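Chemist: My structure is in upload.txt, and what it holds is compact mmCIF, C-alpha atoms and all ligand atoms:
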# COMPACT_ATOMS: atom_id res chain seq x y z
CA MET A 1 -8.08 29.79 13.79
CA SER A 2 -7.56 26.07 13.29
CA THR A 3 -6.97 24.22 16.53
CA ILE A 4 -4.78 21.76 14.65
CA GLU A 5 -2.15 24.16 13.32
CA THR A 6 -1.16 27.63 14.50
CA GLU A 7 -1.11 30.60 12.11
CA GLU A 8 2.71 30.36 12.08
CA GLN A 9 2.59 26.69 11.14
CA LYS A 10 0.09 27.41 8.37
CA ALA A 11 2.31 30.21 7.07
CA LEU A 12 5.30 27.83 7.16
CA ARG A 13 3.29 25.21 5.26
CA SER A 14 2.38 27.62 2.45
CA ALA A 15 5.88 29.12 2.23
CA VAL A 16 7.45 25.65 1.93
CA ALA A 17 4.80 24.63 -0.60
CA ALA A 18 5.81 27.64 -2.71
CA LEU A 19 9.47 26.62 -2.48
CA GLY A 20 8.57 23.06 -3.49
CA LYS A 21 6.54 24.33 -6.43
CA ARG A 22 9.52 26.31 -7.70
CA HIS A 23 11.69 23.17 -7.66
CA GLY A 24 9.13 20.52 -8.67
CA ARG A 25 9.68 16.88 -9.58
CA ASN A 26 12.89 17.51 -11.56
CA TYR A 27 14.56 19.07 -8.55
CA ASP A 28 18.27 19.14 -7.91
CA ARG A 29 18.72 17.78 -4.38
CA GLU A 30 21.78 19.85 -3.55
CA THR A 31 20.31 23.15 -4.74
CA LEU A 32 17.02 22.55 -2.90
CA TRP A 33 18.86 21.47 0.27
CA ALA A 34 20.90 24.70 0.22
CA GLU A 35 17.88 26.89 -0.44
CA ALA A 36 15.72 25.20 2.19
CA ALA A 37 18.58 25.63 4.69
CA LYS A 38 19.04 29.30 3.82
CA LEU A 39 15.34 29.91 4.44
CA GLY A 40 15.69 28.31 7.87
CA TYR A 41 13.58 25.25 7.06
CA LEU A 42 16.15 22.51 7.69
CA GLY A 43 16.97 23.69 11.19
CA VAL A 44 13.46 24.78 12.11
CA ASN A 45 13.39 22.22 14.98
CA LEU A 46 16.86 23.00 16.34
CA PRO A 47 17.48 25.34 19.29
CA GLU A 48 17.73 29.04 18.49
CA ALA A 49 20.87 29.30 20.61
CA TYR A 50 22.61 27.08 18.04
CA GLY A 51 21.31 28.70 14.86
CA GLY A 52 18.02 26.78 14.62
CA GLY A 53 14.47 28.04 14.41
CA GLY A 54 13.48 27.05 17.93
CA GLY A 55 10.48 25.05 16.73
CA GLY A 56 9.89 21.34 16.98
CA ILE A 57 9.24 18.17 15.03
CA SER A 58 5.77 19.61 14.26
CA GLU A 59 7.39 22.31 12.14
CA LEU A 60 10.05 20.03 10.64
CA SER A 61 7.40 17.51 9.56
CA ILE A 62 5.44 20.31 7.84
CA VAL A 63 8.56 21.17 5.82
CA LEU A 64 9.17 17.58 4.69
CA GLU A 65 5.50 16.88 3.94
CA GLU A 66 5.14 19.98 1.78
CA LEU A 67 8.34 19.34 -0.17
CA GLY A 68 7.17 15.76 -0.76
CA ALA A 69 3.74 16.96 -1.87
CA ALA A 70 5.51 19.11 -4.47
CA GLY A 71 7.43 16.06 -5.71
CA CYS A 72 10.79 17.05 -4.23
CA PRO A 73 11.24 15.28 -0.87
CA LEU A 74 14.51 15.68 1.00
CA LEU A 75 15.02 12.23 2.55
CA MET A 76 18.02 13.34 4.58
CA MET A 77 15.73 15.58 6.64
CA VAL A 78 14.50 12.39 8.31
CA VAL A 79 18.03 11.76 9.47
CA SER A 80 20.15 14.90 9.70
CA PRO A 81 18.06 17.48 11.60
CA ALA A 82 15.42 15.05 12.94
CA ILE A 83 17.46 12.21 14.44
CA CYS A 84 21.02 13.50 14.65
CA GLY A 85 20.10 17.13 15.40
CA THR A 86 17.65 16.06 18.09
CA VAL A 87 20.02 13.61 19.78
CA ILE A 88 22.89 16.11 19.80
CA ALA A 89 20.63 18.95 21.00
CA ARG A 90 19.24 16.83 23.83
CA PHE A 91 22.26 14.82 24.90
CA GLY A 92 25.41 16.26 23.27
CA THR A 93 28.11 18.19 25.08
CA ASP A 94 28.26 21.92 24.55
CA ALA A 95 31.25 21.40 22.24
CA GLN A 96 29.31 18.87 20.14
CA LYS A 97 26.36 21.26 19.97
CA GLN A 98 28.64 24.13 18.90
CA GLU A 99 30.34 21.97 16.30
CA TRP A 100 27.28 20.38 14.74
CA LEU A 101 23.99 22.17 15.35
CA PRO A 102 24.65 25.50 13.54
CA ALA A 103 26.07 23.56 10.56
CA LEU A 104 23.15 21.09 10.45
CA ALA A 105 20.76 24.06 10.64
CA ASP A 106 22.39 26.09 7.87
CA GLY A 107 22.82 23.00 5.73
CA THR A 108 26.60 23.28 5.37
CA ARG A 109 26.98 19.89 7.07
CA THR A 110 24.79 16.79 6.98
CA MET A 111 24.76 13.74 9.22
CA ALA A 112 23.60 10.23 8.29
CA PHE A 113 22.33 7.67 10.80
CA GLY A 114 23.29 4.00 10.98
CA ILE A 115 21.57 1.44 13.16
CA THR A 116 20.49 -1.39 10.81
CA GLU A 117 22.81 -4.38 10.64
CA PRO A 118 22.73 -7.33 8.24
CA ASP A 119 22.33 -9.96 10.98
CA ALA A 120 20.03 -7.96 13.26
CA GLY A 121 17.52 -6.29 10.88
CA SER A 122 14.33 -5.38 12.71
CA ASN A 123 15.76 -6.77 15.93
CA SER A 124 18.06 -3.87 16.74
CA HIS A 125 18.69 -5.32 20.20
CA ARG A 126 20.92 -7.79 18.36
CA ILE A 127 23.33 -5.28 16.88
CA THR A 128 26.96 -6.24 17.31
CA THR A 129 28.88 -3.14 16.25
CA THR A 130 31.22 -2.81 19.19
CA ALA A 131 33.19 0.07 20.66
CA ARG A 132 36.15 -0.60 22.90
CA ARG A 133 38.40 1.89 24.63
CA ASP A 134 42.08 2.14 23.91
CA PRO A 135 43.36 2.11 27.51
CA ASP A 136 46.42 4.21 26.58
CA THR A 137 44.76 7.08 24.71
CA GLY A 138 41.11 6.94 25.80
CA ASP A 139 40.15 6.73 22.10
CA TRP A 140 37.28 4.52 20.95
CA LEU A 141 37.83 1.70 18.46
CA LEU A 142 34.66 0.84 16.56
CA THR A 143 34.16 -2.43 14.67
CA GLY A 144 31.07 -3.73 12.89
CA ARG A 145 28.83 -3.71 9.83
CA LYS A 146 25.77 -1.71 8.86
CA VAL A 147 23.40 -2.03 5.92
CA PHE A 148 20.91 0.18 4.02
CA ILE A 149 22.35 3.37 5.48
CA SER A 150 21.10 6.37 3.49
CA GLY A 151 23.21 9.26 2.25
CA VAL A 152 26.58 8.28 3.73
CA ASP A 153 28.32 9.66 0.62
CA ILE A 154 26.78 13.12 1.01
CA ALA A 155 26.95 13.24 4.80
CA ASP A 156 29.97 14.70 6.58
CA ALA A 157 29.58 12.08 9.29
CA THR A 158 27.34 9.20 10.30
CA LEU A 159 25.84 8.78 13.75
CA ILE A 160 26.56 5.10 14.32
CA VAL A 161 24.70 3.05 16.89
CA GLY A 162 27.04 0.57 18.55
CA ARG A 163 27.52 -1.06 21.92
CA THR A 164 30.31 -0.55 24.38
CA GLU A 165 32.19 -3.51 25.68
CA ASP A 166 31.65 -3.31 29.38
CA ALA A 167 34.98 -4.27 30.89
CA ARG A 168 33.51 -5.22 34.28
CA THR A 169 30.56 -7.39 33.32
CA GLY A 170 31.18 -8.25 29.69
CA THR A 171 27.69 -7.04 28.76
CA LEU A 172 27.11 -4.68 25.86
CA LYS A 173 25.18 -1.39 25.86
CA PRO A 174 23.91 0.72 22.96
CA CYS A 175 25.89 3.92 22.36
CA LEU A 176 25.99 6.63 19.71
CA PHE A 177 29.19 7.70 17.95
CA ILE A 178 29.88 10.43 15.40
CA VAL A 179 31.99 8.81 12.66
CA PRO A 180 33.47 11.22 10.09
CA ARG A 181 32.98 10.13 6.47
CA ASP A 182 36.69 9.76 5.79
CA ALA A 183 37.73 8.12 9.07
CA PRO A 184 40.38 5.43 8.39
CA GLY A 185 38.77 1.97 8.50
CA PHE A 186 35.30 3.34 7.68
CA THR A 187 34.37 2.03 4.22
CA ARG A 188 31.15 1.98 2.22
CA ARG A 189 29.71 0.06 -0.69
CA GLN A 190 26.69 1.41 -2.54
CA ILE A 191 23.76 -1.02 -2.61
CA ASP A 192 22.12 -1.40 -6.00
CA MET A 193 18.55 -0.40 -5.08
CA GLU A 194 15.49 -0.38 -7.36
CA LEU A 195 14.78 3.14 -6.21
CA GLN A 196 14.87 6.33 -8.23
CA ALA A 197 15.99 8.72 -5.54
CA ALA A 198 18.63 11.37 -5.11
CA GLU A 199 19.86 9.63 -1.94
CA LYS A 200 21.69 6.30 -2.09
CA GLN A 201 21.90 3.42 0.39
CA PHE A 202 25.17 1.90 1.59
CA GLU A 203 26.61 -1.10 3.31
CA LEU A 204 29.21 0.08 5.81
CA THR A 205 32.21 -1.66 7.28
CA LEU A 206 33.87 -0.34 10.40
CA ASP A 207 37.24 -1.95 10.93
CA ASP A 208 38.80 -0.70 14.17
CA VAL A 209 37.78 2.87 13.37
CA ARG A 210 39.69 5.07 15.80
CA LEU A 211 37.61 7.88 17.25
CA PRO A 212 38.47 10.47 19.88
CA ALA A 213 36.81 10.15 23.30
CA ASP A 214 34.44 13.00 22.44
CA ALA A 215 32.98 11.11 19.44
CA LEU A 216 30.54 9.53 21.90
CA VAL A 217 27.26 11.46 22.02
CA GLY A 218 25.65 11.52 25.42
CA ASP A 219 26.04 9.16 28.28
CA GLU A 220 27.64 5.75 27.88
CA ASP A 221 25.08 4.28 30.31
CA ALA A 222 21.92 5.87 28.96
CA GLY A 223 22.19 4.74 25.35
CA LEU A 224 18.73 3.26 24.94
CA LEU A 225 16.94 6.32 26.27
CA GLN A 226 19.01 8.59 24.04
CA LEU A 227 18.45 6.36 21.05
CA PHE A 228 14.67 6.48 21.44
CA ALA A 229 14.81 10.27 21.67
CA GLY A 230 15.99 10.17 18.05
CA LEU A 231 13.83 7.28 16.84
CA ASN A 232 10.48 8.94 17.57
CA PRO A 233 11.30 11.98 15.39
CA GLU A 234 12.49 9.53 12.71
CA ARG A 235 9.08 7.80 12.68
CA ILE A 236 7.19 11.10 12.62
CA MET A 237 9.37 12.34 9.75
CA THR A 238 8.90 9.09 7.81
CA ALA A 239 5.16 9.67 8.18
CA ALA A 240 5.64 13.19 6.76
CA PHE A 241 7.69 11.74 3.90
CA ALA A 242 4.95 9.19 3.12
CA ILE A 243 2.07 11.67 3.36
CA GLY A 244 3.91 14.08 1.06
CA MET A 245 4.54 11.36 -1.51
CA GLY A 246 0.93 10.14 -1.31
CA ARG A 247 -0.36 13.68 -1.81
CA TYR A 248 1.92 14.19 -4.79
CA ALA A 249 0.73 10.98 -6.48
CA LEU A 250 -2.91 11.74 -5.71
CA ALA A 251 -2.65 15.24 -7.18
CA GLN A 252 -1.26 13.84 -10.44
CA ALA A 253 -4.10 11.33 -10.61
CA ILE A 254 -6.77 13.96 -9.92
CA THR A 255 -5.47 16.24 -12.68
CA TYR A 256 -5.42 13.33 -15.08
CA ALA A 257 -8.88 12.05 -14.10
CA ARG A 258 -10.39 15.50 -14.66
CA ASP A 259 -9.08 15.71 -18.22
CA ARG A 260 -8.91 12.22 -19.63
CA THR A 261 -12.09 11.41 -21.55
CA VAL A 262 -12.62 8.06 -23.29
CA TRP A 263 -16.43 7.94 -23.18
CA LYS A 264 -18.74 10.90 -22.76
CA THR A 265 -17.34 12.26 -19.51
CA PRO A 266 -13.87 12.54 -17.97
CA ILE A 267 -12.82 9.26 -16.28
CA GLY A 268 -12.97 11.07 -12.92
CA ALA A 269 -16.76 11.09 -13.21
CA HIS A 270 -16.82 7.29 -12.90
CA GLN A 271 -17.16 6.34 -9.25
CA ALA A 272 -14.83 3.40 -9.79
CA ILE A 273 -12.11 6.01 -10.36
CA ALA A 274 -13.38 8.79 -8.09
CA HIS A 275 -14.14 6.83 -4.92
CA PRO A 276 -10.74 5.18 -4.46
CA LEU A 277 -9.13 8.61 -4.95
CA ALA A 278 -11.48 10.06 -2.33
CA GLN A 279 -10.60 7.17 0.01
CA ALA A 280 -6.90 7.78 -0.57
CA HIS A 281 -7.38 11.44 0.33
CA ILE A 282 -9.26 10.53 3.53
CA ASP A 283 -6.56 8.00 4.51
CA LEU A 284 -3.80 10.59 4.00
CA GLU A 285 -5.70 13.19 6.04
CA LEU A 286 -6.22 10.69 8.87
CA ALA A 287 -2.56 9.75 8.80
CA ARG A 288 -1.61 13.42 9.01
CA LEU A 289 -3.83 13.85 12.04
CA MET A 290 -1.97 11.04 13.83
CA MET A 291 1.35 12.49 12.71
CA GLN A 292 0.35 15.87 14.16
CA LYS A 293 -0.63 14.19 17.42
CA ALA A 294 2.72 12.38 17.61
CA ALA A 295 4.66 15.56 16.82
CA TYR A 296 2.63 17.53 19.36
CA LEU A 297 3.30 14.97 22.11
CA TYR A 298 6.98 14.77 21.23
CA ASP A 299 7.41 18.55 21.23
CA ALA A 300 5.55 18.72 24.56
CA GLY A 301 8.18 16.40 26.06
CA ASP A 302 5.92 13.35 26.39
CA ASP A 303 8.38 10.74 25.06
CA ILE A 304 6.21 7.77 26.10
CA GLY A 305 2.97 9.09 24.58
CA ALA A 306 4.88 10.18 21.48
CA GLY A 307 6.34 6.68 21.09
CA GLU A 308 2.97 5.04 20.62
CA ALA A 309 1.59 7.85 18.45
CA ALA A 310 4.74 8.00 16.29
CA ASN A 311 4.49 4.27 15.59
CA MET A 312 0.81 4.57 14.69
CA ALA A 313 1.45 7.63 12.52
CA LYS A 314 4.24 5.85 10.64
CA TYR A 315 1.98 2.84 10.12
CA ALA A 316 -1.01 4.88 8.96
CA ALA A 317 1.06 7.10 6.68
CA GLY A 318 3.00 4.20 5.13
CA GLU A 319 -0.19 2.31 4.35
CA ALA A 320 -2.00 5.44 3.08
CA CYS A 321 0.97 6.26 0.85
CA VAL A 322 1.18 2.77 -0.66
CA ARG A 323 -2.57 2.81 -1.42
CA ALA A 324 -2.56 6.38 -2.82
CA VAL A 325 0.35 5.63 -5.14
CA ASP A 326 -1.21 2.36 -6.29
CA GLN A 327 -4.52 4.07 -7.08
CA ALA A 328 -2.78 7.00 -8.78
CA VAL A 329 -0.85 4.69 -11.08
CA HIS A 330 -4.05 2.80 -11.91
CA THR A 331 -5.92 6.03 -12.65
CA LEU A 332 -3.44 6.90 -15.38
CA GLY A 333 -3.96 3.58 -17.18
CA GLY A 334 -0.98 2.83 -19.40
CA ASN A 335 0.41 6.27 -18.73
CA GLY A 336 0.77 5.27 -15.09
CA LEU A 337 3.63 3.07 -16.18
CA THR A 338 5.43 5.50 -18.50
CA ARG A 339 8.53 7.37 -17.51
CA GLU A 340 7.00 10.55 -18.87
CA PHE A 341 4.33 10.64 -16.15
CA GLY A 342 6.81 9.51 -13.50
CA LEU A 343 4.39 7.68 -11.20
CA ALA A 344 5.52 4.06 -11.63
CA SER A 345 8.80 4.67 -9.79
CA LEU A 346 6.77 5.79 -6.77
CA ILE A 347 5.45 2.23 -6.40
CA THR A 348 8.89 1.18 -5.17
CA ALA A 349 9.48 4.44 -3.28
CA ALA A 350 6.17 4.11 -1.40
CA ARG A 351 7.22 0.65 -0.14
CA VAL A 352 10.12 2.25 1.71
CA ALA A 353 7.60 3.90 4.03
CA ARG A 354 6.13 0.48 4.78
CA ILE A 355 9.42 -1.21 5.66
CA ALA A 356 11.60 1.59 7.13
CA PRO A 357 12.65 2.65 9.68
CA VAL A 358 10.44 0.10 11.39
CA SER A 359 8.27 -2.28 9.41
CA ARG A 360 4.51 -2.48 9.32
CA GLU A 361 4.62 -5.81 11.19
CA MET A 362 6.90 -4.54 13.93
CA ILE A 363 4.50 -1.65 14.56
CA LEU A 364 1.59 -4.09 14.72
CA ASN A 365 3.65 -6.13 17.18
CA TYR A 366 4.32 -3.01 19.24
CA VAL A 367 0.64 -2.06 19.38
CA SER A 368 -0.41 -5.67 20.10
CA HIS A 369 1.98 -5.95 23.03
CA GLN A 370 2.36 -2.43 24.42
CA THR A 371 -1.12 -1.06 23.83
CA LEU A 372 -3.35 -4.11 23.83
CA GLY A 373 -1.35 -6.17 26.30
CA LEU A 374 -1.32 -9.28 24.13
CA PRO A 375 1.45 -11.87 24.55
CA LYS A 376 4.57 -11.84 22.41
CA SER A 377 5.37 -14.42 19.74
CA TYR A 378 9.11 -13.67 19.49
C1 LIG B 401 15.44 2.92 1.22
C2 LIG B 401 15.86 2.52 2.58
C3 LIG B 401 16.58 3.42 3.36
C4 LIG B 401 17.03 3.06 4.63
N1 LIG B 401 17.80 3.93 5.34
C5 LIG B 401 18.30 3.56 6.54
C6 LIG B 401 19.18 4.45 7.27
O1 LIG B 401 19.48 5.56 6.83
N2 LIG B 401 19.69 4.02 8.45
C7 LIG B 401 19.40 2.78 8.98
O2 LIG B 401 19.89 2.46 10.04
N3 LIG B 401 18.57 1.92 8.31
C8 LIG B 401 18.03 2.29 7.11
N4 LIG B 401 17.20 1.43 6.42
C9 LIG B 401 16.96 0.09 6.96
C10 LIG B 401 15.54 -0.16 7.46
O3 LIG B 401 15.33 0.53 8.67
C11 LIG B 401 15.35 -1.68 7.57
O4 LIG B 401 15.26 -2.17 6.24
C12 LIG B 401 14.14 -2.06 8.38
O5 LIG B 401 14.36 -1.75 9.73
C13 LIG B 401 13.81 -3.56 8.25
O6 LIG B 401 14.92 -4.34 8.51
P1 LIG B 401 15.35 -5.51 7.48
O7 LIG B 401 15.40 -4.89 6.12
O8 LIG B 401 16.56 -6.17 7.99
O9 LIG B 401 14.13 -6.53 7.47
P2 LIG B 401 13.93 -7.80 8.41
O10 LIG B 401 14.09 -7.41 9.83
O11 LIG B 401 14.75 -8.91 7.89
O12 LIG B 401 12.38 -8.11 8.15
C14 LIG B 401 11.93 -8.77 6.96
C15 LIG B 401 10.42 -8.96 7.05
O13 LIG B 401 10.11 -9.77 8.20
C16 LIG B 401 9.17 -9.10 9.00
N5 LIG B 401 9.43 -9.39 10.42
C17 LIG B 401 10.62 -9.37 11.08
N6 LIG B 401 10.46 -9.68 12.38
C18 LIG B 401 9.13 -9.91 12.56
C19 LIG B 401 8.31 -10.27 13.67
N7 LIG B 401 8.84 -10.44 14.90
N8 LIG B 401 6.98 -10.40 13.48
C20 LIG B 401 6.43 -10.21 12.25
N9 LIG B 401 7.14 -9.89 11.16
C21 LIG B 401 8.48 -9.73 11.31
C22 LIG B 401 9.37 -7.61 8.71
O14 LIG B 401 8.19 -6.87 9.00
C23 LIG B 401 9.67 -7.63 7.21
O15 LIG B 401 8.47 -7.65 6.48
C24 LIG B 401 16.73 1.77 5.15
C25 LIG B 401 15.97 0.87 4.38
C26 LIG B 401 15.55 1.23 3.11
C27 LIG B 401 14.76 0.23 2.30
Write the structure described by the file as structure tokens, please.
Modeler:
Amino acid sequence: MSTIETEEQKALRSAVAALGKRHGRNYDRETLWAEAAKLGYLGVNLPEAYGGGGGGISELSIVLEELGAAGCPLLMMVVSPAICGTVIARFGTDAQKQEWLPALADGTRTMAFGITEPDAGSNSHRITTTARRDPDTGDWLLTGRKVFISGVDIADATLIVGRTEDARTGTLKPCLFIVPRDAPGFTRRQIDMELQAAEKQFELTLDDVRLPADALVGDEDAGLLQLFAGLNPERIMTAAFAIGMGRYALAQAITYARDRTVWKTPIGAHQAIAHPLAQAHIDLELARLMMQKAAYLYDAGDDIGAGEAANMAKYAAGEACVRAVDQAVHTLGGNGLTREFGLASLITAARVARIAPVSREMILNYVSHQTLGLPKSY
């Protein structure tokens, strides 16, 4: 038996791969989402008591990686079960768990996640979306702007990261609020992205959005801790997304390089073609190993250890994905840039894994400061 994956995890991997193969690159997002949910894959990390599979981020990352490797990634898995499901399962009230977890697990409801703001960007400590209490009703009133938020149109609600206005000290603290898609004052504008993906990105405006007291997830005073409980799974899942995409691109290139013959032998016999593909494969395997370590630590409850590993896994997977896609496109020559072969659009898609949810440079900063103890430049 492999010491890296259990027999159950291996069985999950091959079952999801079979599902991905049935749907393939021309997949319909909605149909695949519903089928994956029905088979228990979307809620595989959520608690059994609330309709989930009782597994962890290890299992959820297997699902996303295998769907990506088949050419049909479900981006909202990074957000809905991984961030929102985790945060609600760990910090939500029993009523919030009852309301959301079974529906996130069976795919009937989806939740988006909004932290990025136009004037804060990578510096999420600078977010200004503010929640204040209506002293008469106890309701929350949320005001602010978000940008690049994925899937808000297809999500029933968005988990918005804001700050409460602390009446006593005037300081602000990060807090998480469930904002229903059609809440009055909650508007969205689709951003025109150069991405060919089933999921769209939105700029959001929150203009005194009135929310009931129980829209707040978790403790008002423990926002940062709760936030990071969701951000580590997000990084691990982005690694899974990137590794899946890299594997998909590499597989197309290998098939092509085996067949395409312009001299005496297939182009794959030339080391100039073969070696970079072999390197791409090694890089993806190494990235997966770090992703598995991060998922293992997270599932074991080691939030601190998982934080460092999740950052490194996201970095390694993003870089491996960008390189694999680049080499795959090159392997196909002119066909790498045709719509028919469908690889050129992955050049843009692969860059997402380098910039989101935390950029390559911010991870290098994190490792420089937290791991190596070097001084900060910002
Ligand atoms: C397709 C897509 C989907 C997304 N989905 C979501 C979502 O669902 N929810 C959500 O909240 N956000 C989402 N995002 C936003 C994403 O998380 C941000 O784009 C990312 O955090 C970077 O922020 P920014 O774009 O403002 O870049 P900036 O912070 O402006 O950074 C620009 C550049 O400067 C570099 N940089 C910044 N600070 C430093 C520093 N101190 N040292 C060195 N370099 C630095 C960065 O590495 C980057 O290269 C999405 C983005 C994309 C592209």
Chemist: Report the distance between CA of Ala353 (chain A) and CA of Ala242 (chain A) in Å, rounded to one decimal place.
Modeler: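 Distance reported for this atom pair: 6.0 Å.
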Chemist: Can you tell me which residues come within 6 Å of ligand LIG 401 (chain B) when counting all atoms listed in the file, ideally as an MDAnalysis selection string?
Modeler: chainID A and resid 113:116 121:122 148:150 352 355:362 378
Chemist: Padding 4 Å on every side, please: axis-aligned box over the listed atoms of region 258-274 of chain A, centre and edge lengths to one decimal in Å, as AutoDock Vina command-line options.
Modeler:
--center_x -13.8 --center_y 9.6 --center_z -15.7 --size_x 17.8 --size_y 20.3 --size_z 23.2
Chemist: Near region 36-50 of chain A, counting only C-alpha atoms, which residues have an atom at most 9 Å away, once you skip same-chain residues fewer than 5 positions from it, shown as a ChimeraX atom specification?
Modeler: /A:12,16,19,31,55-60,63,77,80-82,85-86,89,97-98,100-108
Chemist: Determine, counting all atoms listed in the file, which protein, DNA and RNA residues have an atom within 8 Å of an atom of Gln9 (chain A); residues of the same chain fewer than 4 positions away are not included. Present the result as a ChimeraX atom specification.
Modeler: /A:5,13,59,62
Chemist: How many Å lie between CA of Val217 (chain A) and CA of Phe186 (chain A), rounded to one decimal?
Modeler: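 Straight-line distance from CA of Val217 (chain A) to CA of Phe186 (chain A) works out to 18.3 Å.
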Chemist: Using only C-alpha atoms, find each residue in region 66-105 of chain A having at least one atom no more than 6 Å away from region 218-234 of chain A; report its shortest atom-to-atom pair and that distance in Å (one decimal), rows by chain then rising number, as JSON lines.
Modeler:
{"residue": "A:Val78", "atom": "CA", "partner": "A:Glu234", "partner_atom": "CA", "distance": 5.6}
{"residue": "A:Ala82", "atom": "CA", "partner": "A:Pro233", "partner_atom": "CA", "distance": 5.7}
{"residue": "A:Ile83", "atom": "CA", "partner": "A:Gly230", "partner_atom": "CA", "distance": 4.4}
{"residue": "A:Val87", "atom": "CA", "partner": "A:Gly230", "partner_atom": "CA", "distance": 5.6}
{"residue": "A:Phe91", "atom": "CA", "partner": "A:Gly218", "partner_atom": "CA", "distance": 4.8}
{"residue": "A:Gly92", "atom": "CA", "partner": "A:Gly218", "partner_atom": "CA", "distance": 5.2}
Chemist: Which distance in Å separates CA of Leu67 (chain A) and CA of Asp302 (chain A), to one decimal?
Modeler: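 Computed distance, CA of Leu67 (chain A) to CA of Asp302 (chain A), equals 27.3 Å.
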Chemist: From the set A:Gly336, A:Tyr298, A:Pro180, A:Leu216, which residue has the shortest atom-to-atom contact distance to Gln96 (chain A), counting only C-alpha atoms?
Modeler: A:Leu216
Chemist: Asp182 (chain A): which residues within 10 Å, counting all atoms listed in the file, same-chain residues fewer than 4 positions away excluded, as a ChimeraX atom specification?
Modeler: /A:153,156-157,186-187
Chemist: Deliver the residues from the most recent selection as a file, using C-alpha atoms, as a PDB file, in the coordinates of the input.
Modeler:
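As a result, part-v2.pdb now contains:
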ATOM      1  CA  ASP A 153      28.320   9.660   0.620  1.00  0.00           C
ATOM      2  CA  ASP A 156      29.970  14.700   6.580  1.00  0.00           C
ATOM      3  CA  ALA A 157      29.580  12.080   9.290  1.00  0.00           C
ATOM      4  CA  PHE A 186      35.300   3.340   7.680  1.00  0.00           C
ATOM      5  CA  THR A 187      34.370   2.030   4.220  1.00  0.00           C
TER       6      THR A 187
END
Chemist: With all atoms listed in the file as the atoms that count, which of A:Ser345, A:Thr255, A:Ser377, A:Gln190 lies nearest to Ile267 (chain A)?
Modeler: A:Thr255
Chemist: Find the spatial neighbours of Ala239 (chain A), counting all atoms listed in the file, within a cut-off of 12 Å - ignore same-chain residues fewer than 5 positions away - and output them as a PyMOL selection string.
Modeler: chain A and resi 57-58+60-62+64-65+68+75+78+232-234+244-246+284-295+309-322+350+352-358
Chemist: Might you pull out every residue within 9 Å of Asp139 (chain A), with only C-alpha atoms counted and same-chain residues fewer than 6 positions away left off, and present them as a list in words?
Modeler: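 Result of the neighbour search: Arg132, Arg133, Arg210, Leu211, Pro212, Ala213, Asp214 and Ala215 of chain A.
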Chemist: With C-alpha atoms retained, could you export that selection as an mmCIF file, in the coordinates of the input?
Modeler:
data_model
loop_
_atom_site.group_PDB
_atom_site.id
_atom_site.type_symbol
_atom_site.label_atom_id
_atom_site.label_comp_id
_atom_site.auth_asym_id
_atom_site.auth_seq_id
_atom_site.Cartn_x
_atom_site.Cartn_y
_atom_site.Cartn_z
ATOM 1 C CA ARG A 132 36.150 -0.600 22.900
ATOM 2 C CA ARG A 133 38.400 1.890 24.630
ATOM 3 C CA ARG A 210 39.690 5.070 15.800
ATOM 4 C CA LEU A 211 37.610 7.880 17.250
ATOM 5 C CA PRO A 212 38.470 10.470 19.880
ATOM 6 C CA ALA A 213 36.810 10.150 23.300
ATOM 7 C CA ASP A 214 34.440 13.000 22.440
ATOM 8 C CA ALA A 215 32.980 11.110 19.440
#
